[in-house]
Amino acid sequence: MDTTTQPSVEEERVSAWLVLLLAFACGLMAANVYYAQPLAGLIGSSLGVAEGATGFIVTVTQIGIGAGMLFVVPLGDLIESRRLVLTLLCMTTLGLLGSGLSRHVAPFMVAACLLGIGSVAIHVLVPYAAHLAPERIRGRVVGNVTSGVLLGIMLARPASSFVTQLSSSWHTIFYLSAALMAALMILLALALPPRRPLSKLGYFELLASMRHLVFTQPVVRRRSFYSGCLGAAFSLFWTTTPLLLAGPAFRLSQSGIALFALIGVSGSVAATVSGSLADRGWTRPATALAMLAVAGALLLTRVVEPGASFSLTLLVIAGVVLDFGVSSNMSLGQRAIFSLGAQFRSRVNGIYMTTFFAGSALGSALGGWTYAQGGWPLASLVGLVFPLMALVYFVTDREHFAKRESSAS
């Protein structure tokens, strides 16, 4: 009798509108982190930042995210999820308002760091979605929510460029997003069902247990390594292609570069497809396809010289394929680590996403430096190293992968 009623109860807990709301919320929150990226030069000039240090405008938010991943996200296994998310959203709203109101570099940096810490609410909501979903559709649900995250990341750059162009002020995008976050807080407070964590550990025991999870759960180590490698390739590509497109080979305007980024968004829908494949037990081939897609995308950009016939078309295709691979891998990885157990989903997600953002930071730094040293040929070659490293680890760990992740799928 219970087996006939339980699925319908589970389906109610993960209704389509709730999944859509979670994806929408995660996308809006993820976008906050990337609004400043295409505006770094403009913000730096306005705040009196030296030209060589404008990259730190984006980096300080990443520092906040890293701190939040390590010290705040694990609280999802200790504090009621809705209350934690709403607290972090309040912090995000204050960070956005502080960024918009800033007229000097120091308060802007403090606000940007606060914004980064608050933005890790995303990584409380993703395992929350996995908790709500029944096992048989968990991959699809996580994939849908992850698609929202990636759409937010990719749409943030063109959105901030367009809003700034229309308003003639970089402050506007921060004010607008702060208003959206305030509205989102009200919506989530009304819509999210409560979720009580299972862990009985204290906070410092919780942090210490993350180290234990890394050493005792091979799937966490492996999937985190994949995530870091593909995150590095992703960030390197999207940091250097605007430089390439604005350079003498293409001479695109800011609007043209924004349109290029907008087209690349289509690849992020892969997270939904890959999550469904994982639910059917096809985790391994889907993972291989994701890594090959990222490597293939970078190789595709090297087929012809930048500025030659069809080079822009190939670059657009490469952007879509690369986003397809990265979003697929993220969804597959979260499906695998969330299958380890509900009691520490927030902690393993914190580990997993910390490596993604660490890889992204490395990719951004290497992208800027390698492009300055050797242009796109050198930058794309360095970017290609990362998916190849992931592939090497993938193929050399086949037996253990098949035993652990096929059963988790």
# chains A, B, ... in the order shown; residues from 1 in each chain; ligands from 1
$ select_by_dssp --residues "region 189-308 of chain A" --states "alpha helix (DSSP H)" --output "VMD selection string"
chain A and resid 189 to 191 203 to 216 218 to 246 254 to 264 270 to 279 283 to 300
$ residues_around --residues "region 94-104 of chain A" --least-positions-apart "6" --cutoff "7 Å" --atoms "only C-alpha atoms" --output "VMD selection string"
chain A and resid 47 111 to 112 114 to 115 171 174 to 175 178
$ write_last_selection --atoms "C-alpha atoms" --output "mmCIF file, in the first residue's frame"
data_model
loop_
_atom_site.group_PDB
_atom_site.id
_atom_site.type_symbol
_atom_site.label_atom_id
_atom_site.label_comp_id
_atom_site.auth_asym_id
_atom_site.auth_seq_id
_atom_site.Cartn_x
_atom_site.Cartn_y
_atom_site.Cartn_z
ATOM 1 C CA LEU A 47 36.609 54.168 -8.552
ATOM 2 C CA ALA A 111 30.462 44.968 -0.702
ATOM 3 C CA ALA A 112 31.731 42.692 -3.491
ATOM 4 C CA LEU A 114 29.824 40.277 0.954
ATOM 5 C CA LEU A 115 28.032 39.659 -2.339
ATOM 6 C CA HIS A 171 25.593 51.421 -10.828
ATOM 7 C CA PHE A 174 23.488 46.556 -9.030
ATOM 8 C CA TYR A 175 20.418 48.539 -7.954
ATOM 9 C CA ALA A 178 19.154 44.295 -5.400
#
$ closest_residue --among "A:Thr355, A:Ser81, A:Ser209, A:Asn349" --to "Cys229 (chain A)" --atoms "only C-alpha atoms"
A:Thr355
$ closest_residue --among "A:Ser119, A:Gln334, A:Ser235, A:Thr61" --to "Met353 (chain A)" --atoms "only C-alpha atoms"
A:Gln334
$ closest_atom_pairs --of "region 344-408 of chain A" --to "region 325-333 of chain A" --cutoff "12 Å" --atoms "only C-alpha atoms" --output "CSV"
residue,atom,partner,partner_atom,distance
A:Val348,CA,A:Gly333,CA,10.7
A:Asn349,CA,A:Gly333,CA,9.5
A:Ile351,CA,A:Gly333,CA,11.7
A:Tyr352,CA,A:Gly333,CA,8.2
A:Met353,CA,A:Met330,CA,9.1
A:Thr355,CA,A:Met330,CA,11.5
A:Phe356,CA,A:Met330,CA,8.9
A:Phe357,CA,A:Met330,CA,12.0
A:Ser360,CA,A:Val326,CA,11.5
A:Phe386,CA,A:Val326,CA,11.8
A:Pro387,CA,A:Val326,CA,9.9
A:Ala390,CA,A:Asn329,CA,10.9
A:Leu391,CA,A:Asn329,CA,12.0
A:Glu405,CA,A:Gly333,CA,9.9
A:Ser406,CA,A:Leu332,CA,11.7
A:Ala408,CA,A:Leu332,CA,10.9
$ closest_residue --among "A:Leu180, A:Leu84, A:Val303, A:Leu75" --to "Ala31 (chain A)" --atoms "only C-alpha atoms"
A:Leu180
$ atom_distance --atom1 "CA of Arg345 (chain A)" --atom2 "CA of Met154 (chain A)"
25.8 Å
$ residues_around --residues "region 245-251 of chain A" --least-positions-apart "5" --cutoff "7 Å" --atoms "only C-alpha atoms" --output "number ranges by chain"
A: 257, 306-307
$ atom_distance --atom1 "CA of Phe344 (chain A)" --atom2 "CA of Val392 (chain A)"
28.7 Å
